[in-house]
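*Asks:* Input structure: structure-v6.cif, which contains mmCIF, C-alpha atoms.
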data_upload
loop_
_atom_site.label_atom_id
_atom_site.label_comp_id
_atom_site.auth_asym_id
_atom_site.auth_seq_id
_atom_site.Cartn_x
_atom_site.Cartn_y
_atom_site.Cartn_z
CA MET J 1 -1.00 -137.17 141.15
CA PRO J 2 -1.20 -140.75 139.89
CA GLU J 3 1.98 -142.82 139.79
CA PRO J 4 3.41 -142.92 136.25
CA PHE J 5 2.81 -146.12 134.29
CA ALA J 6 6.55 -146.72 133.77
CA ARG J 7 9.36 -146.03 136.21
CA ARG J 8 13.09 -146.75 136.51
CA ILE J 9 14.08 -149.08 139.32
CA ARG J 10 17.46 -148.94 141.01
CA ALA J 11 19.03 -151.03 143.77
CA PRO J 12 22.47 -150.42 145.30
CA SER J 13 23.43 -154.10 145.14
CA ALA J 14 22.66 -154.27 141.41
CA PRO J 15 24.30 -151.08 140.14
CA GLU J 16 24.28 -150.11 136.49
CA ALA J 17 27.75 -149.95 134.95
CA PRO J 18 28.96 -146.40 134.16
CA GLY J 19 27.93 -145.54 130.61
CA ALA J 20 25.58 -148.51 130.46
CA THR J 21 23.30 -148.57 127.43
CA TRP J 22 20.58 -150.45 129.27
CA SER J 23 18.47 -150.11 132.41
CA ASN J 24 18.79 -152.85 135.00
CA ALA J 25 15.10 -152.75 135.85
CA LEU J 26 11.91 -150.94 134.88
CA LEU J 27 8.47 -151.00 136.41
CA ILE J 28 5.83 -151.25 133.67
CA GLY J 29 2.45 -151.04 135.36
CA ASP J 30 2.79 -153.76 138.00
CA GLU J 31 5.18 -155.80 135.89
CA ILE J 32 8.88 -155.62 136.76
CA ALA J 33 11.11 -155.89 133.69
CA ILE J 34 14.71 -156.83 134.47
CA SER J 35 17.85 -157.10 132.36
CA GLY J 36 19.69 -160.41 132.33
CA VAL J 37 21.55 -160.56 135.65
CA THR J 38 25.02 -162.04 136.14
CA ALA J 39 27.21 -162.47 139.22
CA ARG J 40 29.83 -160.01 137.95
CA GLY J 41 30.90 -157.84 140.89
CA THR J 42 31.90 -154.19 140.77
CA ASP J 43 35.52 -155.38 141.03
CA GLY J 44 35.07 -157.29 137.79
CA ARG J 45 35.15 -160.69 139.47
CA ALA J 46 32.29 -163.15 139.62
CA MET J 47 30.60 -163.43 143.00
CA GLY J 48 30.43 -167.12 143.80
CA GLY J 49 33.69 -167.76 141.96
CA ASP J 50 33.79 -170.99 139.99
CA SER J 51 30.63 -172.34 141.66
CA MET J 52 27.57 -172.33 139.45
CA ARG J 53 25.45 -172.67 142.58
CA GLY J 54 27.24 -169.70 144.15
CA GLN J 55 26.89 -167.50 141.09
CA THR J 56 23.23 -168.40 140.74
CA LEU J 57 22.51 -167.53 144.39
CA ALA J 58 24.32 -164.18 144.01
CA ILE J 59 22.16 -163.51 140.96
CA PHE J 60 18.94 -164.40 142.79
CA GLU J 61 19.88 -161.94 145.58
CA ARG J 62 20.36 -159.19 143.01
CA ILE J 63 17.07 -159.94 141.32
CA GLU J 64 15.31 -159.86 144.68
CA ALA J 65 16.93 -156.49 145.45
CA LEU J 66 15.57 -155.03 142.22
CA VAL J 67 12.13 -156.57 142.76
CA THR J 68 12.01 -155.23 146.32
CA ALA J 69 13.03 -151.76 145.10
CA ALA J 70 10.03 -151.94 142.76
CA GLY J 71 7.63 -152.72 145.61
CA GLY J 72 7.58 -156.49 145.25
CA VAL J 73 8.80 -159.39 147.36
CA ARG J 74 10.83 -162.53 146.64
CA GLY J 75 7.61 -164.36 145.78
CA SER J 76 6.85 -161.77 143.10
CA ILE J 77 9.41 -163.47 140.84
CA TYR J 78 7.22 -165.74 138.74
CA LYS J 79 9.49 -166.84 135.89
CA LEU J 80 13.20 -167.41 135.27
CA VAL J 81 15.06 -168.01 132.03
CA ILE J 82 18.41 -169.43 133.03
CA TYR J 83 21.31 -169.44 130.56
CA VAL J 84 24.25 -171.62 131.59
CA THR J 85 27.57 -172.31 129.89
CA ASP J 86 27.67 -175.96 130.98
CA ILE J 87 24.40 -177.85 131.19
CA ALA J 88 26.16 -180.81 132.82
CA ARG J 89 26.25 -178.70 135.98
CA LYS J 90 22.48 -178.18 136.04
CA ASP J 91 22.21 -179.77 139.51
CA GLU J 92 23.95 -176.67 140.86
CA VAL J 93 21.19 -174.51 139.41
CA ASN J 94 18.65 -176.83 140.96
CA ALA J 95 20.37 -176.56 144.36
CA ALA J 96 20.32 -172.77 144.13
CA ARG J 97 16.61 -172.70 143.26
CA ARG J 98 15.85 -175.03 146.16
CA ALA J 99 17.90 -172.92 148.58
CA PHE J 100 16.43 -169.58 147.51
CA PHE J 101 12.82 -170.22 146.56
CA SER J 102 10.03 -172.15 148.22
CA PRO J 103 6.67 -173.41 146.91
CA ALA J 104 5.03 -172.30 144.78
CA PHE J 105 8.26 -172.11 142.75
CA PRO J 106 8.55 -169.73 139.81
CA CYS J 107 8.39 -171.14 136.29
CA SER J 108 11.86 -171.83 134.92
CA THR J 109 13.48 -172.38 131.56
CA LEU J 110 17.05 -173.67 131.33
CA VAL J 111 19.28 -173.78 128.25
CA GLU J 112 22.99 -174.02 127.57
CA VAL J 113 24.41 -171.13 125.56
CA LYS J 114 27.76 -170.83 123.80
CA GLY J 115 28.94 -167.91 125.88
CA LEU J 116 28.12 -165.09 128.27
CA VAL J 117 29.42 -161.52 128.40
CA PHE J 118 32.55 -162.38 130.42
CA PRO J 119 34.46 -165.69 130.35
CA ASP J 120 34.26 -166.37 134.09
CA LEU J 121 30.48 -166.12 134.13
CA LEU J 122 28.78 -169.52 134.33
CA VAL J 123 25.16 -168.38 134.43
CA GLU J 124 22.90 -165.46 133.52
CA VAL J 125 19.28 -165.18 134.60
CA ASP J 126 16.43 -163.34 132.93
CA ALA J 127 13.67 -162.85 135.51
CA PHE J 128 10.03 -161.84 135.21
CA ALA J 129 8.24 -160.46 138.24
CA ASN J 130 5.00 -158.72 139.12
CA ARG J 131 4.52 -156.75 142.32
CA ARG J 132 0.92 -157.94 142.65
CA VAL J 133 2.15 -161.54 142.89
CA ASP J 134 3.44 -163.46 145.93
CA LEU J 135 4.04 -167.12 145.14
CA ASN J 136 4.89 -167.70 148.79
CA ALA J 137 1.45 -166.67 150.00
CA PRO J 138 -0.12 -169.64 151.86
CA ALA J 139 -2.87 -170.11 149.28
CA MET J 140 -0.29 -170.58 146.51
CA ALA J 141 1.71 -173.26 148.32
CA GLU J 142 -1.37 -175.36 148.99
CA ALA J 143 -3.02 -175.05 145.59
CA MET I 144 -17.43 -150.98 118.87
CA PRO I 145 -14.54 -151.53 121.28
CA GLU I 146 -11.13 -152.36 119.83
CA PRO I 147 -10.46 -156.13 120.02
CA PHE I 148 -8.08 -157.26 122.79
CA ALA I 149 -5.67 -158.89 120.29
CA ARG I 150 -4.75 -157.63 116.84
CA ARG I 151 -2.22 -158.46 114.11
CA ILE I 152 0.39 -155.80 113.45
CA ARG I 153 2.06 -155.34 110.09
CA ALA I 154 4.74 -152.96 108.87
CA PRO I 155 6.01 -152.75 105.26
CA SER I 156 9.66 -152.65 106.36
CA ALA I 157 9.29 -155.85 108.37
CA PRO I 158 7.32 -158.06 105.97
CA GLU I 159 6.33 -161.61 106.81
CA ALA I 160 7.91 -164.20 104.52
CA PRO I 161 5.44 -165.88 102.13
CA GLY I 162 4.04 -168.99 103.80
CA ALA I 163 5.41 -167.91 107.16
CA THR I 164 4.19 -169.98 110.10
CA TRP I 165 4.50 -167.08 112.53
CA SER I 166 3.24 -163.52 112.92
CA ASN I 167 5.86 -160.79 113.06
CA ALA I 168 3.92 -158.82 115.66
CA LEU I 169 0.71 -158.94 117.66
CA LEU I 170 -0.93 -156.38 119.88
CA ILE I 171 -2.15 -158.06 123.10
CA GLY I 172 -3.99 -155.42 125.09
CA ASP I 173 -1.39 -152.64 125.20
CA GLU I 174 1.52 -155.09 125.03
CA ILE I 175 3.27 -155.50 121.70
CA ALA I 176 4.52 -159.06 121.14
CA ILE I 177 7.19 -159.35 118.45
CA SER I 178 8.93 -162.31 116.83
CA GLY I 179 12.73 -162.44 116.98
CA VAL I 180 13.92 -159.93 114.40
CA THR I 181 16.96 -160.38 112.17
CA ALA I 182 18.56 -158.15 109.52
CA ARG I 183 17.74 -160.56 106.70
CA GLY I 184 16.51 -158.50 103.74
CA THR I 185 13.86 -159.49 101.21
CA ASP I 186 16.75 -160.23 98.79
CA GLY I 187 18.03 -162.82 101.25
CA ARG I 188 21.06 -160.77 102.23
CA ALA I 189 21.74 -159.33 105.67
CA MET I 190 21.24 -155.58 105.95
CA GLY I 191 24.38 -154.21 107.59
CA GLY I 192 26.50 -156.90 105.96
CA ASP I 193 29.26 -158.28 108.14
CA SER I 194 28.89 -155.50 110.72
CA MET I 195 27.23 -156.56 113.94
CA ARG I 196 26.57 -152.89 114.69
CA GLY I 197 24.98 -152.45 111.27
CA GLN I 198 22.80 -155.53 111.55
CA THR I 199 21.69 -154.53 115.05
CA LEU I 200 20.73 -151.03 113.90
CA ALA I 201 18.75 -152.47 110.97
CA ILE I 202 16.96 -154.73 113.44
CA PHE I 203 16.16 -151.84 115.79
CA GLU I 204 14.64 -149.90 112.84
CA ARG I 205 12.41 -152.87 112.04
CA ILE I 206 11.33 -153.27 115.63
CA GLU I 207 10.49 -149.57 115.80
CA ALA I 208 8.45 -149.89 112.59
CA LEU I 209 6.37 -152.68 114.12
CA VAL I 210 5.97 -150.82 117.42
CA THR I 211 4.89 -147.67 115.59
CA ALA I 212 2.38 -149.66 113.53
CA ALA I 213 0.91 -150.83 116.84
CA GLY I 214 0.47 -147.29 118.11
CA GLY I 215 3.66 -147.02 120.12
CA VAL I 216 6.88 -145.01 119.81
CA ARG I 217 10.58 -145.87 119.97
CA GLY I 218 10.48 -145.35 123.73
CA SER I 219 7.77 -147.99 124.05
CA ILE I 220 10.45 -150.68 123.63
CA TYR I 221 11.22 -151.59 127.23
CA LYS I 222 13.21 -154.83 126.97
CA LEU I 223 15.55 -156.52 124.51
CA VAL I 224 16.88 -160.07 124.48
CA ILE I 225 19.86 -160.01 122.14
CA TYR I 226 21.23 -163.25 120.72
CA VAL I 227 24.64 -162.94 119.06
CA THR I 228 26.85 -165.50 117.36
CA ASP I 229 30.08 -163.96 118.65
CA ILE I 230 30.06 -162.40 122.12
CA ALA I 231 33.57 -161.02 121.56
CA ARG I 232 31.90 -158.41 119.34
CA LYS I 233 29.54 -157.20 122.07
CA ASP I 234 30.92 -153.65 121.82
CA GLU I 235 29.19 -153.41 118.45
CA VAL I 236 25.87 -154.18 120.11
CA ASN I 237 26.64 -151.55 122.70
CA ALA I 238 27.41 -148.99 120.00
CA ALA I 239 24.11 -149.77 118.28
CA ARG I 240 22.13 -149.38 121.51
CA ARG I 241 23.87 -146.07 122.21
CA ALA I 242 23.19 -144.79 118.68
CA PHE I 243 19.53 -145.83 118.62
CA PHE I 244 18.21 -145.44 122.15
CA SER I 245 18.52 -142.68 124.72
CA PRO I 246 17.83 -142.63 128.48
CA ALA I 247 15.96 -144.26 130.01
CA PHE I 248 17.36 -147.22 128.07
CA PRO I 249 15.34 -150.43 127.73
CA CYS I 250 16.35 -153.45 129.79
CA SER I 251 18.66 -155.74 127.85
CA THR I 252 19.82 -159.34 128.03
CA LEU I 253 22.75 -160.51 125.88
CA VAL I 254 23.84 -164.10 125.26
CA GLU I 255 25.91 -165.91 122.67
CA VAL I 256 24.08 -168.68 120.84
CA LYS I 257 25.46 -171.45 118.66
CA GLY I 258 23.62 -170.34 115.56
CA LEU I 259 20.86 -168.27 113.99
CA VAL I 260 18.46 -169.12 111.16
CA PHE I 261 20.87 -168.12 108.37
CA PRO I 262 24.68 -168.31 108.47
CA ASP I 263 25.33 -164.64 107.63
CA LEU I 264 23.18 -163.41 110.51
CA LEU I 265 25.24 -162.16 113.46
CA VAL I 266 22.44 -161.06 115.73
CA GLU I 267 18.74 -161.61 116.45
CA VAL I 268 16.69 -159.46 118.82
CA ASP I 269 13.61 -160.37 120.80
CA ALA I 270 11.87 -157.14 121.83
CA PHE I 271 9.15 -156.39 124.36
CA ALA I 272 7.17 -153.19 124.01
CA ASN I 273 4.04 -151.57 125.45
CA ARG I 274 2.24 -148.73 123.74
CA ARG I 275 1.44 -147.05 127.06
CA VAL I 276 5.18 -146.70 127.75
CA ASP I 277 7.58 -143.98 126.56
CA LEU I 278 11.01 -144.37 128.14
CA ASN I 279 12.08 -141.14 126.44
CA ALA I 280 9.49 -139.05 128.25
CA PRO I 281 11.30 -136.35 130.26
CA ALA I 282 10.22 -137.80 133.62
CA MET I 283 11.84 -141.16 132.78
CA ALA I 284 15.22 -139.70 131.83
CA GLU I 285 15.47 -137.74 135.06
CA ALA I 286 14.32 -140.46 137.44
CA MET W 287 -14.76 -164.29 146.78
CA PRO W 288 -12.73 -162.93 143.87
CA GLU W 289 -10.35 -165.28 142.07
CA PRO W 290 -6.78 -164.75 143.32
CA PHE W 291 -4.46 -162.78 141.00
CA ALA W 292 -1.96 -165.65 140.77
CA ARG W 293 -2.70 -169.36 140.65
CA ARG W 294 -0.80 -172.61 140.00
CA ILE W 295 -1.79 -174.47 136.87
CA ARG W 296 -1.47 -178.22 136.52
CA ALA W 297 -2.19 -180.59 133.65
CA PRO W 298 -1.86 -184.41 133.81
CA SER W 299 -0.05 -184.57 130.46
CA ALA W 300 2.59 -182.09 131.61
CA PRO W 301 3.39 -183.38 135.11
CA GLU W 302 5.99 -181.73 137.31
CA ALA W 303 8.93 -183.98 138.16
CA PRO W 304 9.02 -185.17 141.80
CA GLY W 305 11.04 -182.69 143.83
CA ALA W 306 10.94 -180.15 141.01
CA THR W 307 12.22 -176.71 141.94
CA TRP W 308 9.98 -174.99 139.41
CA SER W 309 6.29 -174.73 138.55
CA ASN W 310 5.27 -175.86 135.09
CA ALA W 311 2.70 -173.11 134.73
CA LEU W 312 1.26 -170.17 136.64
CA LEU W 313 -1.69 -167.95 135.91
CA ILE W 314 -0.76 -164.30 136.55
CA GLY W 315 -3.89 -162.24 136.02
CA ASP W 316 -4.95 -163.41 132.55
CA GLU W 317 -1.38 -164.13 131.50
CA ILE W 318 -0.25 -167.76 131.49
CA ALA W 319 3.42 -168.15 132.42
CA ILE W 320 4.93 -171.49 131.39
CA SER W 321 8.31 -173.12 132.02
CA GLY W 322 10.32 -174.20 129.01
CA VAL W 323 8.68 -177.38 127.75
CA THR W 324 10.53 -180.39 126.34
CA ALA W 325 9.33 -183.71 124.93
CA ARG W 326 10.86 -185.72 127.76
CA GLY W 327 8.37 -188.39 128.78
CA THR W 328 7.78 -189.74 132.27
CA ASP W 329 9.78 -192.83 131.21
CA GLY W 330 12.76 -190.56 130.57
CA ARG W 331 12.58 -190.94 126.80
CA ALA W 332 11.81 -188.17 124.34
CA MET W 333 8.34 -188.31 122.81
CA GLY W 334 8.82 -188.01 119.06
CA GLY W 335 12.16 -189.80 119.27
CA ASP W 336 14.82 -188.45 116.95
CA SER W 337 12.34 -186.35 114.97
CA MET W 338 12.55 -182.63 115.66
CA ARG W 339 9.07 -182.28 114.14
CA GLY W 340 7.76 -185.05 116.42
CA GLN W 341 9.31 -183.59 119.55
CA THR W 342 8.03 -180.11 118.70
CA LEU W 343 4.48 -181.41 118.18
CA ALA W 344 4.60 -183.28 121.50
CA ILE W 345 5.72 -180.04 123.14
CA PHE W 346 2.91 -178.03 121.52
CA GLU W 347 0.38 -180.56 122.86
CA ARG W 348 1.76 -180.15 126.36
CA ILE W 349 1.70 -176.38 126.14
CA GLU W 350 -1.91 -176.51 124.95
CA ALA W 351 -2.80 -178.79 127.87
CA LEU W 352 -1.40 -176.26 130.35
CA VAL W 353 -3.07 -173.34 128.58
CA THR W 354 -6.40 -175.17 128.56
CA ALA W 355 -6.05 -175.97 132.26
CA ALA W 356 -5.65 -172.24 132.82
CA GLY W 357 -8.88 -171.44 131.00
CA GLY W 358 -7.41 -170.65 127.60
CA VAL W 359 -7.51 -172.29 124.17
CA ARG W 360 -4.88 -173.20 121.58
CA GLY W 361 -5.24 -169.75 120.06
CA SER W 362 -4.33 -168.16 123.40
CA ILE W 363 -0.68 -169.02 122.72
CA TYR W 364 0.64 -165.76 121.27
CA LYS W 365 4.41 -166.17 121.36
CA LEU W 366 6.97 -168.98 121.19
CA VAL W 367 10.70 -168.91 121.86
CA ILE W 368 12.08 -172.08 120.30
CA TYR W 369 15.51 -173.36 121.29
CA VAL W 370 16.90 -176.07 119.00
CA THR W 371 20.17 -177.99 119.09
CA ASP W 372 20.53 -178.06 115.29
CA ILE W 373 19.32 -175.05 113.32
CA ALA W 374 19.89 -176.92 110.05
CA ARG W 375 16.71 -178.86 110.90
CA LYS W 376 14.58 -175.72 111.23
CA ASP W 377 12.21 -176.93 108.50
CA GLU W 378 10.99 -179.56 110.96
CA VAL W 379 10.04 -176.80 113.39
CA ASN W 380 8.27 -175.02 110.57
CA ALA W 381 6.36 -178.18 109.68
CA ALA W 382 5.27 -178.61 113.30
CA ARG W 383 4.06 -174.99 113.54
CA ARG W 384 2.12 -175.41 110.29
CA ALA W 385 0.53 -178.67 111.47
CA PHE W 386 -0.44 -177.38 114.91
CA PHE W 387 -1.30 -173.71 114.51
CA SER W 388 -3.42 -171.82 112.01
CA PRO W 389 -3.65 -168.10 111.19
CA ALA W 390 -3.15 -165.83 112.94
CA PHE W 391 0.03 -167.63 113.95
CA PRO W 392 1.76 -166.83 117.24
CA CYS W 393 4.95 -164.77 117.17
CA SER W 394 8.02 -166.98 117.13
CA THR W 395 11.71 -166.66 117.89
CA LEU W 396 14.11 -169.44 116.89
CA VAL W 397 17.74 -169.85 117.99
CA GLU W 398 20.25 -172.67 118.13
CA VAL W 399 21.62 -173.35 121.60
CA LYS W 400 24.62 -175.42 122.64
CA GLY W 401 22.61 -177.89 124.66
CA LEU W 402 19.37 -178.77 126.41
CA VAL W 403 18.76 -180.49 129.74
CA PHE W 404 19.04 -184.03 128.34
CA PRO W 405 21.13 -185.16 125.36
CA ASP W 406 18.27 -186.70 123.38
CA LEU W 407 16.23 -183.49 123.45
CA LEU W 408 16.32 -181.61 120.15
CA VAL W 409 14.03 -178.74 121.04
CA GLU W 410 12.66 -176.77 124.00
CA VAL W 411 9.86 -174.23 123.74
CA ASP W 412 9.15 -171.24 125.93
CA ALA W 413 5.53 -170.20 125.37
CA PHE W 414 3.60 -167.05 126.28
CA ALA W 415 -0.17 -167.21 126.43
CA ASN W 416 -3.09 -165.10 127.60
CA ARG W 417 -6.53 -166.53 128.27
CA ARG W 418 -8.25 -163.43 126.91
CA VAL W 419 -6.63 -164.06 123.51
CA ASP W 420 -7.78 -166.36 120.70
CA LEU W 421 -5.64 -165.93 117.59
CA ASN W 422 -7.94 -168.35 115.75
CA ALA W 423 -10.97 -166.13 116.16
CA PRO W 424 -12.30 -165.25 112.67
CA ALA W 425 -11.47 -161.54 113.06
CA MET W 426 -7.80 -162.34 113.69
CA ALA W 427 -7.36 -164.55 110.63
CA GLU W 428 -8.80 -161.92 108.32
CA ALA W 429 -6.99 -158.90 109.74
#
Any chance you could give the structure as structure tokens?
*Replies:*
Amino acid sequence: MPEPFARRIRAPSAPEAPGATWSNALLIGDEIAISGVTARGTDGRAMGGDSMRGQTLAIFERIEALVTAAGGVRGSIYKLVIYVTDIARKDEVNAARRAFFSPAFPCSTLVEVKGLVFPDLLVEVDAFANRRVDLNAPAMAEA
Amino acid sequence: MPEPFARRIRAPSAPEAPGATWSNALLIGDEIAISGVTARGTDGRAMGGDSMRGQTLAIFERIEALVTAAGGVRGSIYKLVIYVTDIARKDEVNAARRAFFSPAFPCSTLVEVKGLVFPDLLVEVDAFANRRVDLNAPAMAEA
Amino acid sequence: MPEPFARRIRAPSAPEAPGATWSNALLIGDEIAISGVTARGTDGRAMGGDSMRGQTLAIFERIEALVTAAGGVRGSIYKLVIYVTDIARKDEVNAARRAFFSPAFPCSTLVEVKGLVFPDLLVEVDAFANRRVDLNAPAMAEA
């Protein structure tokens, strides 16, 4: 039987809240659709605390967990839309991208919003991934 | 003759403003691209009035109208990016998602912006849909 | 040898900053993924100066350069997400869209954010393009 075109994706490290009215991730063909990810832990506190770098890294780990659950790899993440609450701290986002990704880097959009879903959240990331893509394949880094 | 790869999509309940410099919806292959949708009515007033839940529901109806005009169904909507002007009212967005969608829910990103195109608008929704997808198919709900 | 599924895209008029932790554009199948584009010039000043229309036009030119480098045309741009710092100046965005695009227009989402990466930037644009699409093909304008 052929695999269905669309499929729910779940990862233990990125659990859906009880009663959630959204899916954390869906596989649509080879494209991996993902809800905006924050660093909010199951205990209600932000992983990474007051560090924008720390929160961003925790978010990247969660995104990778969802992408891996969908059959992709870290390099399958090809675009990020990063919403921060304080653009003056953008170097922390940069440091997190440098620590987590390697060439070819994903595309990235960065804007400062007025607020996120909980006051202690400093950053939320909307990621786009495709399980046929690996930006860390040797040919991509050289191109 | 084969259907063209790209096609304009129109729905009477989501009319384009006269002289608009954007298309409300385009079919790109099986993907349905949609402009950010607000509750602004043709009389210039927001459908749903001062209720964020009401405006969000009016928006979802419009998005569904465009998706249906493109050959999809409600369950073809697989991702939402929801921009609100007051994140403290996020429970109203939640209530609208619960009233309109059913499992598997679309992915959803929610951020608070500084402003929308007209002052009485409380919410704008950017939707992603694919006419090959139906998140309300029995197999999706169970997965 | 078949063309790889993913490929980096570069255009001289939209150079990546030295040490950038993002790619300006990637070709994913026929889809062209692009980072949020601003009017920031290599001299650190905003092209278009204090004009939101001017900055937006400079951005559209850069997006077109990237899309062209990926094998597309201006009409391959099928969706814009436009982040502005002052929504009261939205007519300038409208004027830029009218000057640059022609029917069928791309989809477009417009929101006001709290801030962009540099204080003199008035607008940032996230563009979606597909090299199989040409919205300016005669059949599209008439439909």
*Asks:* Go through W:Glu378, W:Asp406, W:Asp420, W:Glu302 one by one, measure the shortest atom-to-atom distance of each to Pro392 in chain W using all atoms listed in the file, and give the residue with the smallest value.
*Replies:*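 Among the listed residues, W:Asp420 lies closest to Pro392 in chain W.
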*Asks:* Report the residues retrieved by the PyMOL selection byres ((chain J) within 12 of (chain I)) from the displayed file, expressed as a PyMOL selection string.
*Replies:* chain J and resi 3-10+16+19-29+31-38+81-85+111-119+121-128
*Asks:* Could you tell me how far CA of Gly48 in chain J sits from CA of Val73 in chain J, in Å to one decimal place?
*Replies:*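 Result for CA of Val73 in chain J versus CA of Gly48 in chain J: 23.2 Å, one decimal.
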*Asks:* Expand the PyMOL selection byres ((chain W and resi 325) around 7) into the explicit residue set it covers here, and present it as a list in words.
*Replies:*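 What the PyMOL selection byres ((chain W and resi 325) around 7) grabs from the file is Val323, Thr324, Arg326, Gly327, Ala332, Met333, Gln341, Ala344 and Ile345 of chain W.
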*Asks:* So the first atom is CA of Asp186 in chain I and the second is CA of Glu204 in chain I; what is the distance between them in Å, to one decimal place?
*Replies:* 17.6 Å
*Asks:* Please, what distance in Å, to one decimal, runs between CA of Val67 in chain J and CA of Arg131 in chain J?
*Replies:* 7.6 Å
*Asks:* With all atoms listed in the file as the atoms that count, which of W:Arg360, W:Pro424, W:Asp377, W:Ala351 lies nearest to Ser337 in chain W?
*Replies:*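 Among the listed residues, W:Asp377 lies closest to Ser337 in chain W.
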*Asks:* Could you extract range 256-271 of chain I of the given structure into a file holding C-alpha atoms, as a short mmCIF file (atom, residue, chain, number, x, y, z; two decimals), in the first residue's frame?
*Replies:*
data_model
loop_
_atom_site.label_atom_id
_atom_site.label_comp_id
_atom_site.auth_asym_id
_atom_site.auth_seq_id
_atom_site.Cartn_x
_atom_site.Cartn_y
_atom_site.Cartn_z
CA VAL I 256 2.33 42.14 15.91
CA LYS I 257 2.36 45.90 16.41
CA GLY I 258 -0.42 46.55 13.94
CA LEU I 259 -2.57 45.32 11.08
CA VAL I 260 -3.78 47.13 7.96
CA PHE I 261 -6.83 48.70 9.65
CA PRO I 262 -7.14 49.69 13.31
CA ASP I 263 -10.27 47.62 14.07
CA LEU I 264 -8.66 44.40 12.86
CA LEU I 265 -7.58 42.13 15.72
CA VAL I 266 -6.25 39.23 13.72
CA GLU I 267 -4.85 38.31 10.30
CA VAL I 268 -4.24 34.75 9.14
CA ASP I 269 -1.75 33.46 6.61
CA ALA I 270 -2.88 29.99 5.50
CA PHE I 271 -1.13 27.20 3.62
#
